[in-house]
$ cat coords.tsv   # TSV, C-alpha atoms and all ligand atoms
chain	number	residue	atom	x	y	z
Z	11	MET	CA	58.24	86.25	77.17
Z	12	ILE	CA	61.33	85.14	75.27
Z	13	THR	CA	64.52	84.36	77.15
Z	14	ILE	CA	67.93	83.96	75.52
Z	15	ARG	CA	70.54	81.96	77.41
Z	16	LEU	CA	73.70	79.93	76.83
Z	17	ALA	CA	72.87	76.40	75.71
Z	18	GLN	CA	74.10	73.34	77.58
Z	19	GLU	CA	74.48	69.76	76.45
Z	20	THR	CA	71.27	68.88	78.33
Z	21	ASP	CA	69.44	71.09	75.79
Z	22	LEU	CA	70.50	68.87	72.88
Z	23	ASP	CA	67.21	66.92	72.60
Z	24	SER	CA	65.17	70.13	72.51
Z	25	ILE	CA	67.60	71.73	70.06
Z	26	GLN	CA	67.36	68.73	67.75
Z	27	LYS	CA	63.55	68.99	67.82
Z	28	VAL	CA	63.82	72.63	66.71
Z	29	VAL	CA	66.28	71.68	63.96
Z	30	ALA	CA	64.09	68.78	62.78
Z	31	THR	CA	61.08	71.03	62.26
Z	32	ALA	CA	62.93	74.11	60.95
Z	33	PHE	CA	65.12	72.50	58.27
Z	34	SER	CA	64.00	70.53	55.24
Z	35	ASP	CA	63.96	66.72	55.23
Z	36	GLU	CA	67.14	66.69	53.12
Z	37	GLU	CA	69.03	68.94	55.56
Z	38	ASN	CA	67.78	68.21	59.04
Z	39	LYS	CA	69.67	64.96	59.73
Z	40	ALA	CA	73.05	66.52	58.92
Z	41	ILE	CA	72.26	69.67	60.95
Z	42	SER	CA	70.99	67.60	63.86
Z	43	ASN	CA	74.25	65.61	63.91
Z	44	PHE	CA	76.18	68.87	63.54
Z	45	ALA	CA	74.47	70.29	66.66
Z	46	ALA	CA	75.40	67.13	68.60
Z	47	ASP	CA	79.03	67.25	67.37
Z	48	LEU	CA	79.34	70.90	68.42
Z	49	PHE	CA	78.57	69.95	72.04
Z	50	LYS	CA	81.18	67.16	72.03
Z	51	GLU	CA	84.07	69.39	71.02
Z	52	THR	CA	86.22	71.51	73.35
Z	53	THR	CA	88.11	74.37	71.72
Z	54	SER	CA	89.98	77.47	72.74
Z	55	PRO	CA	88.32	79.93	72.44
Z	56	PRO	CA	85.15	77.94	73.21
Z	57	ILE	CA	82.21	77.07	70.98
Z	58	LYS	CA	79.20	79.01	72.29
Z	59	SER	CA	75.54	78.23	71.61
Z	60	LEU	CA	72.45	80.17	72.56
Z	61	VAL	CA	68.86	79.01	72.88
Z	62	ALA	CA	65.67	81.03	72.83
Z	63	GLU	CA	62.97	79.84	75.23
Z	64	ILE	CA	59.35	80.61	75.85
Z	65	GLY	CA	58.51	79.30	79.30
Z	66	ASN	CA	60.72	76.23	79.50
Z	67	GLN	CA	60.34	75.35	75.84
Z	68	VAL	CA	63.34	75.77	73.52
Z	69	ILE	CA	62.11	77.36	70.29
Z	70	GLY	CA	65.33	78.71	68.78
Z	71	TYR	CA	68.99	77.79	68.55
Z	72	VAL	CA	72.19	79.33	67.21
Z	73	CYS	CA	75.82	78.27	67.47
Z	74	TYR	CA	79.02	80.31	67.21
Z	75	SER	CA	82.24	78.36	66.66
Z	76	PRO	CA	85.77	79.77	66.46
Z	77	ILE	CA	87.91	79.89	63.32
Z	78	PHE	CA	91.64	79.20	63.34
Z	79	LEU	CA	93.67	81.33	60.97
Z	80	LYS	CA	96.52	79.71	59.12
Z	81	THR	CA	98.65	82.83	59.46
Z	82	THR	CA	99.28	84.79	62.62
Z	83	SER	CA	97.37	87.96	61.86
Z	84	GLY	CA	96.20	88.37	65.46
Z	85	THR	CA	92.57	88.31	64.32
Z	86	SER	CA	90.10	86.20	66.28
Z	87	GLY	CA	86.91	85.14	64.57
Z	88	TYR	CA	83.77	83.05	64.81
Z	89	ILE	CA	81.32	81.46	62.40
Z	90	LEU	CA	77.57	81.61	62.97
Z	91	SER	CA	76.08	78.18	62.17
Z	92	PRO	CA	73.58	76.70	62.51
Z	93	LEU	CA	70.58	78.94	63.19
Z	94	ALA	CA	67.06	77.58	63.54
Z	95	VAL	CA	63.70	78.75	64.87
Z	96	SER	CA	60.65	76.48	65.22
Z	97	PRO	CA	58.28	77.19	62.31
Z	98	GLU	CA	55.37	78.19	64.57
Z	99	HIS	CA	57.59	80.89	66.13
Z	100	GLN	CA	59.20	82.23	62.96
Z	101	ASN	CA	58.78	85.81	61.75
Z	102	GLN	CA	58.52	87.09	65.31
Z	103	GLY	CA	62.07	88.39	65.59
Z	104	ILE	CA	63.50	85.37	67.43
Z	105	GLY	CA	66.17	84.63	64.80
Z	106	SER	CA	67.15	88.32	64.89
Z	107	THR	CA	67.35	88.27	68.69
Z	108	LEU	CA	69.60	85.17	68.63
Z	109	ILE	CA	71.91	86.87	66.12
Z	110	LYS	CA	72.03	90.22	67.94
Z	111	SER	CA	72.61	88.47	71.30
Z	112	GLY	CA	75.49	86.52	69.72
Z	113	ILE	CA	76.99	89.69	68.26
Z	114	ASP	CA	76.85	91.35	71.71
Z	115	MET	CA	78.29	88.28	73.45
Z	116	LEU	CA	81.21	87.85	71.04
Z	117	THR	CA	81.95	91.58	70.98
Z	118	LYS	CA	82.21	91.53	74.79
Z	119	ASP	CA	84.41	88.41	74.55
Z	120	GLY	CA	86.80	90.44	72.38
Z	121	ALA	CA	86.29	88.58	69.08
Z	122	ASP	CA	87.17	90.61	65.98
Z	123	ILE	CA	85.16	89.02	63.19
Z	124	LEU	CA	81.91	87.08	62.73
Z	125	LEU	CA	81.35	85.11	59.52
Z	126	VAL	CA	78.27	83.40	58.13
Z	127	TYR	CA	77.32	81.35	55.08
Z	128	GLY	CA	73.66	81.94	54.32
Z	129	ASP	CA	71.12	84.13	52.60
Z	130	PRO	CA	72.64	87.63	52.30
Z	131	ASP	CA	69.13	89.12	52.17
Z	132	TYR	CA	68.61	87.85	55.72
Z	133	TYR	CA	72.08	88.27	57.22
Z	134	GLY	CA	72.73	91.60	55.47
Z	135	ARG	CA	70.24	93.30	57.75
Z	136	PHE	CA	72.53	92.63	60.73
Z	137	GLY	CA	75.56	94.16	59.01
Z	138	PHE	CA	77.17	91.11	57.39
Z	139	LYS	CA	79.00	92.14	54.21
Z	140	GLU	CA	80.45	90.23	51.28
Z	141	GLU	CA	83.63	92.37	51.30
Z	142	ILE	CA	84.48	91.10	54.81
Z	143	GLY	CA	83.67	87.48	53.95
Z	144	ARG	CA	86.04	87.71	51.00
Z	145	LEU	CA	88.99	88.28	53.35
Z	146	PHE	CA	88.54	84.80	54.87
Z	147	VAL	CA	89.01	81.86	52.51
Z	148	PRO	CA	86.67	79.04	53.59
Z	149	PRO	CA	87.99	75.47	53.87
Z	150	TYR	CA	85.78	74.23	50.98
Z	151	PRO	CA	84.71	75.76	47.69
Z	152	LEU	CA	81.32	77.40	48.00
Z	153	GLU	CA	78.39	76.80	45.69
Z	154	TYR	CA	76.98	80.24	46.55
Z	155	PRO	CA	80.00	82.52	47.15
Z	156	PHE	CA	77.73	85.57	47.49
Z	157	GLY	CA	76.29	83.96	50.64
Z	158	TRP	CA	79.67	84.08	52.40
Z	159	THR	CA	79.69	87.31	54.40
Z	160	GLY	CA	81.21	88.75	57.54
Z	161	MET	CA	81.21	91.64	59.94
Z	162	LYS	CA	83.77	93.33	62.16
Z	163	LEU	CA	82.97	93.15	65.86
Z	164	ASN	CA	85.86	94.82	67.62
Z	165	LYS	CA	88.93	96.85	66.70
Z	166	ASN	CA	89.74	97.30	63.06
Z	167	ASN	CA	91.57	94.00	63.06
Z	168	ALA	CA	90.80	92.42	59.70
Z	169	PRO	CA	93.46	91.09	57.35
Z	170	ASN	CA	94.37	93.24	54.33
Z	171	THR	CA	94.49	90.31	51.92
Z	172	PRO	CA	92.47	87.08	51.95
Z	173	ILE	CA	93.72	84.47	54.42
Z	174	LYS	CA	92.86	80.81	54.88
Z	175	PHE	CA	91.42	79.38	58.06
Z	176	GLU	CA	90.33	76.10	59.61
Z	177	CYS	CA	87.12	75.64	61.50
Z	178	VAL	CA	86.16	73.34	64.37
Z	179	ALA	CA	86.12	69.60	63.57
Z	180	ALA	CA	82.29	69.50	63.69
Z	181	LEU	CA	82.15	71.99	60.81
Z	182	SER	CA	85.07	70.52	58.87
Z	183	LYS	CA	82.74	68.49	56.67
Z	184	PRO	CA	82.15	69.45	53.03
Z	185	ASP	CA	78.42	68.64	53.17
Z	186	LEU	CA	77.90	71.39	55.77
Z	187	TRP	CA	79.21	74.04	53.36
T	1	LIG	C1	66.11	81.74	59.04
T	1	LIG	C2	65.35	81.67	60.36
T	1	LIG	C3	66.29	81.26	61.47
T	1	LIG	C4	64.78	83.06	60.67
T	1	LIG	O1	64.22	83.05	61.97
T	1	LIG	P1	63.00	84.03	62.36
T	1	LIG	O2	62.85	83.99	63.82
T	1	LIG	O3	61.83	83.71	61.54
T	1	LIG	O4	63.65	85.41	61.88
T	1	LIG	P2	63.15	86.86	62.23
T	1	LIG	O5	61.75	86.84	62.77
T	1	LIG	O6	64.18	87.51	63.04
T	1	LIG	O7	63.18	87.55	60.80
T	1	LIG	C5	62.17	87.25	59.90
T	1	LIG	C6	62.43	87.98	58.62
T	1	LIG	O8	63.49	87.31	57.92
T	1	LIG	C7	63.03	86.93	56.64
T	1	LIG	N1	63.69	85.67	56.27
T	1	LIG	C8	63.61	84.47	56.86
T	1	LIG	N2	64.37	83.58	56.21
T	1	LIG	C9	64.97	84.25	55.18
T	1	LIG	C10	65.84	83.89	54.16
T	1	LIG	N3	66.31	82.66	54.02
T	1	LIG	N4	66.22	84.85	53.28
T	1	LIG	C11	65.78	86.12	53.37
T	1	LIG	N5	64.94	86.52	54.34
T	1	LIG	C12	64.54	85.59	55.22
T	1	LIG	C13	61.54	86.78	56.80
T	1	LIG	O9	60.89	86.91	55.56
T	1	LIG	C14	61.23	87.97	57.71
T	1	LIG	O10	61.24	89.17	56.97
T	1	LIG	P3	60.49	90.49	57.47
T	1	LIG	O11	61.12	90.89	58.77
T	1	LIG	O12	60.80	91.47	56.40
T	1	LIG	O13	59.07	90.11	57.61
T	1	LIG	C15	64.14	80.70	60.30
T	1	LIG	O14	63.34	81.05	59.20
T	1	LIG	C16	64.56	79.23	60.16
T	1	LIG	O15	64.78	78.56	61.16
T	1	LIG	N6	64.63	78.73	58.92
T	1	LIG	C17	64.97	77.36	58.64
T	1	LIG	C18	66.40	77.07	58.93
T	1	LIG	C19	67.36	77.99	58.20
T	1	LIG	O16	67.19	78.25	57.01
T	1	LIG	N7	68.37	78.48	58.93
T	1	LIG	C20	69.33	79.43	58.41
T	1	LIG	C21	70.41	78.69	57.72
T	1	LIG	S1	71.58	79.83	57.05

$ encode --input "coords.tsv" --output "structure tokens"
Amino acid sequence: MITIRLAQETDLDSIQKVVATAFSDEENKAISNFAADLFKETTSPPIKSLVAEIGNQVIGYVCYSPIFLKTTSGTSGYILSPLAVSPEHQNQGIGSTLIKSGIDMLTKDGADILLVYGDPDYYGRFGFKEEIGRLFVPPYPLEYPFGWTGMKLNKNNAPNTPIKFECVAALSKPDLW
């Protein structure tokens, strides 16, 4: 049976093993360091990570980190990154469960918006849309702008025109975009 729970820093070794096998050789070092950096940082609202476990083995990981808008629009948002599932457990709905659990958690927390930079064919099935992503100007130019999407979680509290934002320090690195 699969369990989803909040991740703790003591999970870092297991998370890094998942990342190492899920991502390509070119990507996995940077993502592994990113996962470690995300645990070191304290923000308000907090960074929240989830792990998926079978028995006591961590087989999936996702992190949600807050964004900080440069204008006071009253909108609170998060970015989903990274997401990884061990290859031997892929295509069994675990990635979907980690995303849906995050959406539920952040909706209950009162967050307004969730953003993601990734394959729209995958994230689109959860309700992420390009038109929402477009309202939030990322801190770095994107190679694949169509992969920048977002969804509303709570009240209709999205800006009317595109606004800039900063992300947590761990994600403020151009190579992660
Ligand atoms: C992306 C990832 C997290 C999906 O996890 P998962 O547990 O296999 O996902 P699910 O079982 O919930 O969904 C599987 C479905 O997504 C599809 N899918 C997986 N990766 C996809 C991608 N990059 N683009 C489009 N579809 C994708 C699968 O083909 C499958 O489709 P189906 O349901 O029609 O058969 C996993 O493949 C992974 O860890 N990949 C390597 C790391 C990575 O790319 N992370 C995302 C960075 S944005």

$ atom_distance --input "coords.tsv" --atom1 "CA of Leu186 in chain Z" --atom2 "CA of Glu37 in chain Z"
9.2 Å

$ residues_around --input "coords.tsv" --residues "Asp119 in chain Z" --least-positions-apart "4" --cutoff "12 Å" --atoms "all atoms listed in the file" --output "list of chain:residue names"
Z:Pro55, Z:Pro56, Z:Lys58, Z:Pro76, Z:Ser86, Z:Gly87, Z:Tyr88, Z:Gly112, Z:Ile113, Z:Asp114, Z:Met115, Z:Ile123, Z:Leu163, Z:Asn164

$ closest_residue --input "coords.tsv" --among "Z:Val178, Z:Val29, Z:Leu152, Z:Met161" --to "Ser54 in chain Z" --atoms "all atoms listed in the file"
Z:Val178

$ closest_residue --input "coords.tsv" --among "Z:Ile69, Z:Ala17, Z:Thr53, Z:Lys162" --to "Lys139 in chain Z" --atoms "all atoms listed in the file"
Z:Lys162

$ residues_near_ligand --input "coords.tsv" --ligand "ligand LIG 1 (chain T)" --cutoff "8 Å" --atoms "all atoms listed in the file" --output "PyMOL selection string"
chain Z and resi 29+32-34+70+91-97+99-107+126-133

$ closest_residue --input "coords.tsv" --among "Z:Ser59, Z:Asn170, Z:Ser182, Z:Ser75" --to "Arg15 in chain Z" --atoms "all atoms listed in the file"
Z:Ser59

$ closest_residue --input "coords.tsv" --among "Z:Ile173, Z:Leu125, Z:Leu48, Z:Leu181" --to "Trp158 in chain Z" --atoms "only C-alpha atoms"
Z:Leu125
